[in-house]
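The data block below is entry-v3.cif; it holds mmCIF, C-alpha atoms.
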```cif
data_upload
loop_
_atom_site.label_atom_id
_atom_site.label_comp_id
_atom_site.auth_asym_id
_atom_site.auth_seq_id
_atom_site.Cartn_x
_atom_site.Cartn_y
_atom_site.Cartn_z
CA MET A 19 0.00 0.00 0.00
CA ARG A 20 2.17 2.82 -1.28
CA ILE A 21 0.62 6.25 -0.82
CA GLY A 22 2.55 9.04 -2.53
CA VAL A 23 2.70 12.46 -0.86
CA VAL A 24 3.81 15.28 -3.14
CA THR A 25 6.14 18.03 -2.00
CA PHE A 26 6.16 21.30 -3.96
CA PRO A 27 8.36 24.25 -3.00
CA GLY A 28 6.29 25.86 -0.23
CA THR A 29 4.35 22.74 0.77
CA LEU A 30 3.94 22.61 4.57
CA ASP A 31 1.91 19.58 5.51
CA ASP A 32 3.67 16.84 3.54
CA ARG A 33 5.29 15.37 6.65
CA ASP A 34 1.97 15.35 8.52
CA ALA A 35 0.30 13.65 5.56
CA GLN A 36 3.09 11.04 5.40
CA ARG A 37 2.66 10.43 9.12
CA ALA A 38 -1.12 10.08 8.72
CA VAL A 39 -0.55 7.46 6.02
CA ARG A 40 1.78 5.51 8.33
CA ILE A 41 -0.58 5.75 11.33
CA ALA A 42 -3.37 4.37 9.13
CA GLY A 43 -1.09 1.45 8.22
CA GLY A 44 0.20 2.42 4.80
CA GLU A 45 3.63 3.13 3.38
CA ALA A 46 4.22 6.82 2.68
CA VAL A 47 6.24 7.56 -0.45
CA ALA A 48 7.65 11.07 -0.90
CA LEU A 49 7.02 12.43 -4.41
CA TRP A 50 8.92 15.48 -5.66
CA HIS A 51 7.32 18.19 -7.80
CA ALA A 52 10.10 18.15 -10.40
CA ASP A 53 10.08 14.35 -10.80
CA GLU A 54 7.37 13.08 -13.12
CA ASN A 55 7.91 9.52 -11.86
CA LEU A 56 5.11 8.41 -9.52
CA HIS A 57 7.25 5.49 -8.22
CA LYS A 58 4.46 2.93 -8.56
CA VAL A 59 2.26 4.42 -5.83
CA ASP A 60 -1.30 3.15 -5.35
CA ALA A 61 -2.70 6.59 -4.48
CA VAL A 62 -1.52 10.21 -4.16
CA VAL A 63 -2.04 12.92 -1.55
CA LEU A 64 -1.52 16.56 -2.53
CA PRO A 65 -0.93 18.15 0.88
CA GLY A 66 -1.51 21.66 2.16
CA GLY A 67 0.78 24.64 2.30
CA PHE A 68 1.63 27.55 0.05
CA SER A 69 3.11 25.95 -3.05
CA PHE A 70 5.23 28.44 -5.01
CA GLY A 71 4.32 31.10 -2.45
CA ASP A 72 0.73 31.25 -3.74
CA TYR A 73 2.19 33.28 -6.64
CA LEU A 74 -0.19 34.03 -9.53
CA ARG A 75 -3.06 32.10 -7.86
CA CYS A 76 -3.03 29.46 -5.13
CA GLY A 77 -2.09 26.16 -6.76
CA ALA A 78 -1.74 27.58 -10.27
CA ILE A 79 2.01 27.11 -10.68
CA ALA A 80 2.02 23.75 -8.89
CA ALA A 81 -0.60 22.57 -11.39
CA GLN A 82 2.06 23.01 -14.11
CA ALA A 83 4.73 20.95 -12.28
CA PRO A 84 6.15 17.83 -13.98
CA VAL A 85 4.73 15.56 -11.25
CA MET A 86 1.25 16.96 -11.90
CA GLU A 87 1.39 15.97 -15.55
CA SER A 88 1.77 12.34 -14.42
CA ILE A 89 -0.83 12.71 -11.67
CA ILE A 90 -3.42 14.22 -14.02
CA LYS A 91 -2.87 11.37 -16.46
CA ALA A 92 -3.05 8.74 -13.70
CA ALA A 93 -6.10 10.38 -12.09
CA ASN A 94 -7.92 10.26 -15.41
CA GLY A 95 -7.08 6.55 -15.41
CA GLY A 96 -8.60 6.05 -11.95
CA LEU A 97 -5.69 6.56 -9.50
CA PRO A 98 -7.06 7.77 -6.14
CA VAL A 99 -5.95 11.38 -5.52
CA LEU A 100 -6.73 13.44 -2.42
CA GLY A 101 -6.09 17.19 -2.41
CA ILE A 102 -6.02 18.85 0.98
CA CYS A 103 -6.26 22.67 1.25
CA ASN A 104 -3.53 23.89 -1.14
CA GLY A 105 -3.80 20.41 -2.69
CA PHE A 106 -7.50 21.09 -3.35
CA GLN A 107 -6.49 24.39 -4.97
CA VAL A 108 -3.99 22.47 -7.14
CA LEU A 109 -6.78 20.07 -8.18
CA VAL A 110 -9.09 22.87 -9.32
CA GLU A 111 -6.22 24.61 -11.11
CA SER A 112 -5.45 21.27 -12.82
CA HIS A 113 -9.12 21.02 -13.86
CA LEU A 114 -9.42 17.66 -12.10
CA LEU A 115 -12.19 19.28 -10.03
CA PRO A 116 -14.41 22.17 -11.17
CA GLY A 117 -14.72 25.69 -9.75
CA GLY A 118 -12.25 27.88 -7.92
CA LEU A 119 -11.14 29.00 -4.48
CA ILE A 120 -10.96 32.67 -3.57
CA ARG A 121 -9.99 34.70 -0.52
CA ASN A 122 -12.18 34.05 2.52
CA ASP A 123 -15.16 36.41 2.66
CA VAL A 124 -14.06 37.42 6.18
CA GLN A 125 -10.79 38.68 4.59
CA THR A 126 -8.65 37.00 7.23
CA PHE A 127 -6.88 33.70 7.60
CA VAL A 128 -9.14 31.30 9.50
CA CYS A 129 -7.85 28.54 11.78
CA ARG A 130 -10.35 26.46 13.73
CA ASP A 131 -11.64 22.99 14.43
CA GLN A 132 -14.35 22.65 11.79
CA LYS A 133 -17.41 20.44 11.77
CA LEU A 134 -18.22 18.83 8.39
CA VAL A 135 -20.83 16.48 7.05
CA VAL A 136 -19.57 13.62 4.87
CA GLU A 137 -22.12 13.60 2.06
CA ASN A 138 -20.52 11.02 -0.16
CA VAL A 139 -19.06 7.70 0.94
CA ASP A 140 -18.65 6.11 -2.49
CA THR A 141 -15.07 7.24 -2.95
CA PRO A 142 -11.72 5.64 -2.12
CA TRP A 143 -11.14 8.44 0.40
CA THR A 144 -14.49 8.30 2.26
CA ASN A 145 -15.62 4.66 2.23
CA GLN A 146 -14.92 4.20 5.96
CA PHE A 147 -17.38 6.96 6.90
CA LYS A 148 -21.13 6.63 7.28
CA LEU A 149 -23.30 8.67 4.95
CA ASN A 150 -24.01 12.10 6.52
CA GLN A 151 -21.57 11.38 9.33
CA GLU A 152 -20.45 14.52 11.15
CA ILE A 153 -16.71 14.84 11.59
CA THR A 154 -14.48 17.54 13.10
CA ILE A 155 -11.05 18.26 11.64
CA PRO A 156 -8.86 21.38 11.61
CA LEU A 157 -9.37 24.05 8.98
CA LYS A 158 -6.68 26.65 8.27
CA ASN A 159 -6.75 28.76 5.16
CA GLY A 160 -6.79 32.26 3.76
CA GLU A 161 -8.24 31.41 0.37
CA GLY A 162 -10.84 28.74 0.97
CA GLY A 163 -13.98 30.34 -0.41
CA TYR A 164 -15.35 27.85 -2.93
CA ILE A 165 -17.03 29.34 -5.97
CA ALA A 166 -18.37 28.06 -9.26
CA ASP A 167 -20.88 29.38 -11.77
CA ALA A 168 -24.58 28.62 -11.24
CA GLU A 169 -24.59 25.88 -13.86
CA THR A 170 -21.61 24.06 -12.32
CA LEU A 171 -23.12 24.32 -8.82
CA LYS A 172 -26.37 22.86 -10.10
CA ARG A 173 -24.48 19.97 -11.69
CA LEU A 174 -22.41 19.33 -8.53
CA GLU A 175 -25.55 19.23 -6.40
CA GLY A 176 -27.59 17.26 -8.95
CA GLU A 177 -24.94 14.60 -9.46
CA GLY A 178 -24.05 14.30 -5.77
CA LEU A 179 -20.46 15.48 -6.24
CA VAL A 180 -20.34 17.51 -3.02
CA ALA A 181 -18.30 15.23 -0.75
CA PHE A 182 -18.11 17.45 2.35
CA ARG A 183 -20.20 20.36 3.56
CA TYR A 184 -19.48 22.80 6.38
CA LYS A 185 -21.84 22.19 9.30
CA ASP A 186 -23.20 24.88 11.68
CA PHE A 187 -20.69 27.51 10.48
CA ASN A 188 -19.39 28.46 7.05
CA PRO A 189 -15.87 29.74 7.77
CA ASN A 190 -14.99 31.29 4.43
CA GLY A 191 -18.06 32.14 2.37
CA SER A 192 -17.97 28.96 0.29
CA LEU A 193 -21.04 28.70 -1.93
CA ASN A 194 -23.60 26.13 -0.74
CA ASP A 195 -21.31 25.57 2.30
CA ILE A 196 -19.12 23.36 0.08
CA ALA A 197 -16.01 22.14 1.93
CA GLY A 198 -14.95 19.46 -0.54
CA LEU A 199 -15.77 17.76 -3.83
CA ARG A 200 -15.33 14.48 -5.63
CA ASN A 201 -15.09 13.95 -9.37
CA GLU A 202 -17.61 11.92 -11.39
CA ARG A 203 -15.57 8.75 -11.07
CA GLY A 204 -14.99 9.32 -7.35
CA ASN A 205 -11.24 8.71 -7.37
CA VAL A 206 -10.37 12.41 -7.10
CA VAL A 207 -11.41 14.13 -3.88
CA GLY A 208 -10.46 17.60 -2.66
CA LEU A 209 -11.29 19.55 0.48
CA MET A 210 -10.10 22.65 2.32
CA PRO A 211 -9.99 21.25 5.92
CA HIS A 212 -7.10 19.04 7.04
CA PRO A 213 -7.76 15.37 7.85
CA GLU A 214 -4.02 14.71 8.32
CA HIS A 215 -4.05 16.91 11.45
CA ALA A 216 -6.64 14.71 13.18
CA VAL A 217 -5.16 11.22 13.16
CA GLU A 218 -3.66 10.70 16.63
CA ALA A 219 -5.18 11.21 20.08
CA GLY A 220 -3.38 14.00 21.89
CA PHE A 221 -2.77 16.01 18.73
CA GLY A 222 -6.23 16.36 17.15
CA PRO A 223 -9.23 18.62 17.69
CA ASP A 224 -11.04 18.58 21.04
CA ALA A 225 -13.61 15.78 21.27
CA SER A 226 -16.27 14.97 23.86
CA VAL A 227 -14.14 12.22 25.44
CA ALA A 228 -11.06 14.34 26.01
CA MET A 229 -9.20 17.43 24.86
CA ARG A 230 -7.26 17.02 21.58
CA SER A 231 -8.48 13.45 21.17
CA GLY A 232 -10.23 13.89 17.80
CA VAL A 233 -9.07 11.44 15.14
CA ASP A 234 -11.82 11.92 12.55
CA GLY A 235 -9.21 12.49 9.84
CA LEU A 236 -7.93 8.94 10.09
CA GLY A 237 -10.98 7.72 8.14
CA PHE A 238 -9.64 9.30 4.94
CA PHE A 239 -6.42 7.32 5.06
CA LYS A 240 -8.04 4.09 6.25
CA SER A 241 -10.54 4.47 3.40
CA VAL A 242 -7.87 4.62 0.72
CA LEU A 243 -5.97 1.67 2.21
CA ASN A 244 -9.23 -0.27 2.26
CA SER A 245 -10.01 0.63 -1.35
CA VAL A 246 -6.51 -0.23 -2.55
CA VAL A 247 -6.67 -3.62 -0.82
CA ASN A 248 -10.02 -4.35 -2.44
CA ALA A 249 -9.05 -3.05 -5.87
CA MET B 26 12.17 46.33 -24.36
CA PRO B 27 9.40 44.84 -26.51
CA LYS B 28 6.67 43.44 -24.31
CA ILE B 29 3.16 42.11 -24.19
CA ILE B 30 1.09 43.33 -21.26
CA VAL B 31 -1.68 41.06 -20.03
CA GLU B 32 -4.19 42.52 -17.59
CA VAL B 33 -6.34 40.26 -15.45
CA MET B 34 -9.24 41.37 -13.25
CA PRO B 35 -11.46 39.47 -10.83
CA LYS B 36 -14.88 38.90 -12.37
CA ALA B 37 -17.20 41.86 -11.93
CA ASP B 38 -19.83 39.97 -9.94
CA LEU B 39 -17.28 38.43 -7.58
CA LEU B 40 -16.35 39.77 -4.17
CA ASP B 41 -12.86 41.31 -4.34
CA PRO B 42 -11.77 41.34 -0.68
CA ALA B 43 -8.49 43.17 -1.41
CA GLY B 44 -10.34 45.90 -3.29
CA LYS B 45 -12.90 46.14 -0.51
CA ALA B 46 -10.19 46.53 2.15
CA VAL B 47 -8.48 49.30 0.14
CA ASN B 48 -11.84 51.01 -0.45
CA ASN B 49 -12.55 50.94 3.30
CA ALA B 50 -9.12 52.47 4.01
CA LEU B 51 -9.72 55.23 1.43
CA HIS B 52 -13.08 56.01 3.02
CA ARG B 53 -11.38 56.24 6.43
CA ASN B 54 -9.04 58.79 4.87
CA GLY B 55 -11.99 60.88 3.72
CA HIS B 56 -12.15 59.79 0.07
CA ASN B 57 -15.86 59.13 0.13
CA GLU B 58 -16.11 60.19 -3.54
CA ILE B 59 -14.58 56.81 -4.45
CA SER B 60 -17.44 54.34 -4.55
CA ASN B 61 -15.54 51.10 -5.13
CA VAL B 62 -12.04 49.68 -5.64
CA ARG B 63 -11.15 46.57 -7.56
CA ILE B 64 -7.65 45.13 -7.73
CA GLY B 65 -6.35 43.03 -10.60
CA LYS B 66 -2.99 42.04 -12.04
CA ARG B 67 -0.74 43.45 -14.75
CA ILE B 68 1.62 40.83 -16.15
CA GLU B 69 4.43 41.82 -18.52
CA LEU B 70 5.86 39.26 -20.94
CA HIS B 71 9.24 40.54 -22.14
CA PHE B 72 10.89 39.70 -25.47
CA ASP B 73 14.45 40.17 -26.76
CA ARG B 74 13.05 40.86 -30.26
CA ALA B 75 10.04 42.57 -31.79
CA VAL B 76 6.68 41.11 -30.81
CA THR B 77 4.85 39.32 -33.64
CA ASP B 78 1.16 38.63 -34.21
CA ALA B 79 1.82 35.00 -33.32
CA ASP B 80 3.31 36.11 -29.98
CA VAL B 81 0.17 38.12 -29.25
CA ALA B 82 -2.04 35.16 -30.10
CA ALA B 83 0.09 32.94 -27.85
CA ALA B 84 -0.06 35.54 -25.06
CA GLN B 85 -3.85 35.65 -25.33
CA LYS B 86 -3.94 31.86 -24.92
CA ILE B 87 -1.42 31.92 -22.04
CA GLY B 88 -3.50 34.68 -20.45
CA GLU B 89 -6.72 32.71 -20.64
CA GLU B 90 -5.29 29.31 -19.69
CA PHE B 91 -2.57 30.07 -17.14
CA LEU B 92 -2.31 33.72 -16.11
CA SER B 93 -6.03 33.81 -15.29
CA ASN B 94 -8.58 31.33 -14.01
CA ALA B 95 -11.77 31.68 -16.03
CA VAL B 96 -13.85 30.68 -13.01
CA ILE B 97 -12.84 33.75 -11.05
CA GLU B 98 -11.07 36.15 -13.42
CA ASP B 99 -11.19 37.73 -16.86
CA VAL B 100 -8.34 38.74 -19.16
CA VAL B 101 -9.40 42.35 -19.76
CA SER B 102 -6.61 43.34 -22.15
CA VAL B 103 -3.62 42.09 -24.09
CA THR B 104 -1.52 44.98 -25.41
CA VAL B 105 1.85 45.26 -27.14
CA GLU B 106 4.63 47.74 -26.40
CA ASN B 107 7.32 47.37 -29.07
#
```

Take the structure in the file and write it out as structure tokens.
Amino acid sequence: MRIGVVTFPGTLDDRDAQRAVRIAGGEAVALWHADENLHKVDAVVLPGGFSFGDYLRCGAIAAQAPVMESIIKAANGGLPVLGICNGFQVLVESHLLPGGLIRNDVQTFVCRDQKLVVENVDTPWTNQFKLNQEITIPLKNGEGGYIADAETLKRLEGEGLVAFRYKDFNPNGSLNDIAGLRNERGNVVGLMPHPEHAVEAGFGPDASVAMRSGVDGLGFFKSVLNSVVNA
Amino acid sequence: MPKIIVEVMPKADLLDPAGKAVNNALHRNGHNEISNVRIGKRIELHFDRAVTDADVAAAQKIGEEFLSNAVIEDVVSVTVEN
């Protein structure tokens, strides 16, 4: 179970994502932005951060990296790809997911433990969740406002492509409270909040049992290991 | 230096938080005659030779596909300075 984690210049959460893969029971494989070789991984995580300093637009320059050419090709062939935060921005800039992400409507960086509803469990990244399960994972972004034109939104809602929706509080002005999407095939999933920061008790969001004990993010990584095993 | 200048603006119906923040600051400074501010990007593509029609066509394409994101922005002008 080799899960690739891509590092671009300016990526921050690659080590956390690698650690999340290992805690879930997989082997984390570091992928480098300038190397188009995917090293026979079974899935790819595009982690969060500020790739290329958010120059031009968040994720826009990363989307042109050699490794992305291989990932786009492999994703179109069914390889599971998860984009987290800046990784989600890379996915929309790569046109693997529709729409765009703009500066938060509150005009400030937002960092909080965020409640989400998992609205789609038919993907390699969400199959260990229950439909409409509420999860809490950290959210930290400056440009997380999801937008798309009316026609695209209608299609996303009509075809059930909204994978995660903000619950109780919309932190960034995202249309329809959209926190994350899946593609038609389901193998590509992107979201702004950070599952890799909620995988080990003591270091996650506060939960009812104890402070910092939230591990709701682990489901993402267990899901992909489960789907790879069954593939 | 010959150059092509590509100008990109956030779509008109989209919230431009940077423009809004600057507008608020201008109003604090008494410039209430300014009703709105929008902030876009000016991108210069430099050439070591004269710019050709093909370069302009390529710049238009680069502008639409890479320098802007059609979901949130428009290329409002592509001009040549030879």

Counting all atoms listed in the file, which residues of chain A sit at most 7 Å from some atom of chain B, and what is each one's closest atom pair with its distance in Å to one decimal, listed by chain and rising residue number, as a tab-separated table?
```
residue	atom	partner	partner_atom	distance
A:Leu74	CA	B:Leu92	CA	6.9
A:Gly117	CA	B:Val96	CA	6.0
A:Gly118	CA	B:Val96	CA	6.0
A:Arg121	CA	B:Pro42	CA	6.9
A:Asp123	CA	B:Pro42	CA	6.9
A:Gln125	CA	B:Pro42	CA	6.0
A:Ala166	CA	B:Val96	CA	6.4
```

File dump, residues just selected, C-alpha atoms, as a PDB file, in the coordinates of the input:
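The resulting again_29.pdb:
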```pdb
ATOM      1  CA  LEU A  74      -0.190  34.030  -9.530  1.00  0.00           C
ATOM      2  CA  GLY A 117     -14.720  25.690  -9.750  1.00  0.00           C
ATOM      3  CA  GLY A 118     -12.250  27.880  -7.920  1.00  0.00           C
ATOM      4  CA  ARG A 121      -9.990  34.700  -0.520  1.00  0.00           C
ATOM      5  CA  ASP A 123     -15.160  36.410   2.660  1.00  0.00           C
ATOM      6  CA  GLN A 125     -10.790  38.680   4.590  1.00  0.00           C
ATOM      7  CA  ALA A 166     -18.370  28.060  -9.260  1.00  0.00           C
TER       8      ALA A 166
END
```

Expected answer as a ChimeraX atom specification: all residues with atoms within 8 Å of (3.8, 40.0, -22.6), all atoms listed in the file | /B:28-31,68-72,81,84,103-105

Kindly give the distance, in Å, that separates CA of Lys240 (chain A) and CA of Arg40 (chain A), rounded to a single decimal.
->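 We find that CA of Lys240 (chain A) and CA of Arg40 (chain A) lie 10.1 Å from each other.
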
Between CA of Ile102 (chain A) and CA of Val135 (chain A) - distance in Å to one decimal =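 CA of Ile102 (chain A) lies 16.2 Å from CA of Val135 (chain A).
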
Between CA of Ser69 (chain A) and CA of Asn104 (chain A), what is the distance, to one decimal in Å?
-> 7.2 Å

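Picked by the PyMOL selection byres ((chain A and resi 19) around 6) from the coordinates shown: Arg20, Gly44 and Glu45 of chain A.
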
Hey, what comes out of the PyMOL selection byres ((chain A and resi 243-246) around 8) on this file? Could you write it as a list in words?
->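 What the PyMOL selection byres ((chain A and resi 243-246) around 8) grabs from the file is Met19, Ala42, Gly43, Gly44, Asp60, Pro142, Asn145, Phe239, Lys240, Ser241, Val242, Val247, Asn248 and Ala249 of chain A.
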
Would you kindly translate the PyMOL selection byres ((chain A and resi 56) around 12) into the concrete residues it picks from this file, as a PyMOL selection string?
-> chain A and resi 20-24+47-55+57-63+84-93+97

Report as a tab-separated table: every residue of region 121-214 of chain A with an atom at most 8 Å from region 225-235 of chain A, its closest pair of atoms, and their distance in Å to one decimal, counting only C-alpha atoms, with rows sorted by chain and ascending residue number.
```
residue	atom	partner	partner_atom	distance
A:Ile153	CA	A:Asp234	CA	5.8
A:Thr154	CA	A:Asp234	CA	6.2
A:Ile155	CA	A:Gly235	CA	6.3
A:His212	CA	A:Gly235	CA	7.4
A:Pro213	CA	A:Gly235	CA	3.8
A:Glu214	CA	A:Gly235	CA	5.8
```

Determine, counting only C-alpha atoms, which protein, DNA and RNA residues have an atom within 10 Å of an atom of Asn138 (chain A); residues of the same chain fewer than 2 positions away are not included. Present the result as a list of chain:residue names.
->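 Final neighbour list, sorted by chain and number: A:Val135, A:Val136, A:Asp140, A:Thr141, A:Trp143, A:Thr144, A:Asn145, A:Phe147, A:Lys148, A:Leu149, A:Asn150, A:Gln151, A:Gly178, A:Leu179, A:Val180, A:Ala181, A:Phe182, A:Leu199, A:Arg200, A:Gly204.
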
For C-alpha atoms, I'd like the residues from the last selection saved as a PDB file, in the coordinates of the input.
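Resulting contents of out_14.pdb:
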```
ATOM      1  CA  VAL A 135     -20.830  16.480   7.050  1.00  0.00           C
ATOM      2  CA  VAL A 136     -19.570  13.620   4.870  1.00  0.00           C
ATOM      3  CA  ASP A 140     -18.650   6.110  -2.490  1.00  0.00           C
ATOM      4  CA  THR A 141     -15.070   7.240  -2.950  1.00  0.00           C
ATOM      5  CA  TRP A 143     -11.140   8.440   0.400  1.00  0.00           C
ATOM      6  CA  THR A 144     -14.490   8.300   2.260  1.00  0.00           C
ATOM      7  CA  ASN A 145     -15.620   4.660   2.230  1.00  0.00           C
ATOM      8  CA  PHE A 147     -17.380   6.960   6.900  1.00  0.00           C
ATOM      9  CA  LYS A 148     -21.130   6.630   7.280  1.00  0.00           C
ATOM     10  CA  LEU A 149     -23.300   8.670   4.950  1.00  0.00           C
ATOM     11  CA  ASN A 150     -24.010  12.100   6.520  1.00  0.00           C
ATOM     12  CA  GLN A 151     -21.570  11.380   9.330  1.00  0.00           C
ATOM     13  CA  GLY A 178     -24.050  14.300  -5.770  1.00  0.00           C
ATOM     14  CA  LEU A 179     -20.460  15.480  -6.240  1.00  0.00           C
ATOM     15  CA  VAL A 180     -20.340  17.510  -3.020  1.00  0.00           C
ATOM     16  CA  ALA A 181     -18.300  15.230  -0.750  1.00  0.00           C
ATOM     17  CA  PHE A 182     -18.110  17.450   2.350  1.00  0.00           C
ATOM     18  CA  LEU A 199     -15.770  17.760  -3.830  1.00  0.00           C
ATOM     19  CA  ARG A 200     -15.330  14.480  -5.630  1.00  0.00           C
ATOM     20  CA  GLY A 204     -14.990   9.320  -7.350  1.00  0.00           C
TER      21      GLY A 204
END
```

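Near Lys133 (chain A), within 9 Å and counting all atoms listed in the file, sit A:Glu152, A:Ile153, A:Thr154, A:Ile155, A:Pro156, A:Arg183, A:Tyr184, A:Lys185, A:Asp186, A:Phe187; same-chain residues fewer than 6 positions away were not included.
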
Contacts of Arg74 (chain B) within 9 Å, all atoms listed in the file, excl. fewer than 6 positions in-chain, as JSON, numbers by chain | {"B": [26, 27, 107]}

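Of the listed residues A:Leu64, A:Val206, A:Ile196, A:Leu119, the one whose atoms come nearest to Asn94 (chain A) is A:Val206, with distances taken using only C-alpha atoms.
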
Kindly indicate which residue among A:Phe221, A:Leu174, A:Pro189, A:Ile120 lies nearest to Lys36 (chain B), using all atoms listed in the file for the distances.
->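 Of A:Phe221, A:Leu174, A:Pro189, A:Ile120, the one nearest Lys36 (chain B) is A:Ile120, counting all atoms listed in the file.
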
Kindly provide, as AutoDock Vina command-line options, the centre and edge lengths (Å, one decimal) of an axis-aligned box around all atoms of region 77-92 of chain B given in the file, with 8 Å on each side.
```
--center_x -0.9 --center_y 34.3 --center_z -25.2 --size_x 27.6 --size_y 26.0 --size_z 34.1
```

Test item: residues at most 12 Å from Asn48 (chain B), all atoms listed in the file, excluding those fewer than 6 positions along its chain, as JSON, numbers by chain | {"B": [41, 42, 54, 55, 56, 57, 58, 59, 60, 61, 62, 63, 64]}

Please produce an output containing C-alpha atoms for each residue in the selection, written as a PDB file, keeping the file's coordinate frame.
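New file out_36.pdb:
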```
ATOM      1  CA  ASP B  41     -12.860  41.310  -4.340  1.00  0.00           C
ATOM      2  CA  PRO B  42     -11.770  41.340  -0.680  1.00  0.00           C
ATOM      3  CA  ASN B  54      -9.040  58.790   4.870  1.00  0.00           C
ATOM      4  CA  GLY B  55     -11.990  60.880   3.720  1.00  0.00           C
ATOM      5  CA  HIS B  56     -12.150  59.790   0.070  1.00  0.00           C
ATOM      6  CA  ASN B  57     -15.860  59.130   0.130  1.00  0.00           C
ATOM      7  CA  GLU B  58     -16.110  60.190  -3.540  1.00  0.00           C
ATOM      8  CA  ILE B  59     -14.580  56.810  -4.450  1.00  0.00           C
ATOM      9  CA  SER B  60     -17.440  54.340  -4.550  1.00  0.00           C
ATOM     10  CA  ASN B  61     -15.540  51.100  -5.130  1.00  0.00           C
ATOM     11  CA  VAL B  62     -12.040  49.680  -5.640  1.00  0.00           C
ATOM     12  CA  ARG B  63     -11.150  46.570  -7.560  1.00  0.00           C
ATOM     13  CA  ILE B  64      -7.650  45.130  -7.730  1.00  0.00           C
TER      14      ILE B  64
END
```

Hey, can you pull every residue with an atom no more than 9 Å from (-1.3, 21.5, -2.7), using all atoms listed in the file, and send it as a list of chain:residue names?
->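 In the file's frame, the residues around the point are A:Val24, A:Thr25, A:Phe26, A:Thr29, A:Val63, A:Leu64, A:Pro65, A:Gly66, A:Gly67, A:Phe68, A:Ser69, A:Cys76, A:Gly77, A:Ala80, A:Ala81, A:Gly101, A:Ile102, A:Cys103, A:Asn104, A:Gly105, A:Phe106, A:Gln107, A:Val108, A:Leu109.
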
Choose the residue, out of B:Ser102, B:Gly88, B:Thr77, B:Gly65, that has the smallest atom-to-atom separation from Ala37 (chain B); count only C-alpha atoms.
->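 Of B:Ser102, B:Gly88, B:Thr77, B:Gly65, the one nearest Ala37 (chain B), counting only C-alpha atoms, is B:Gly65.
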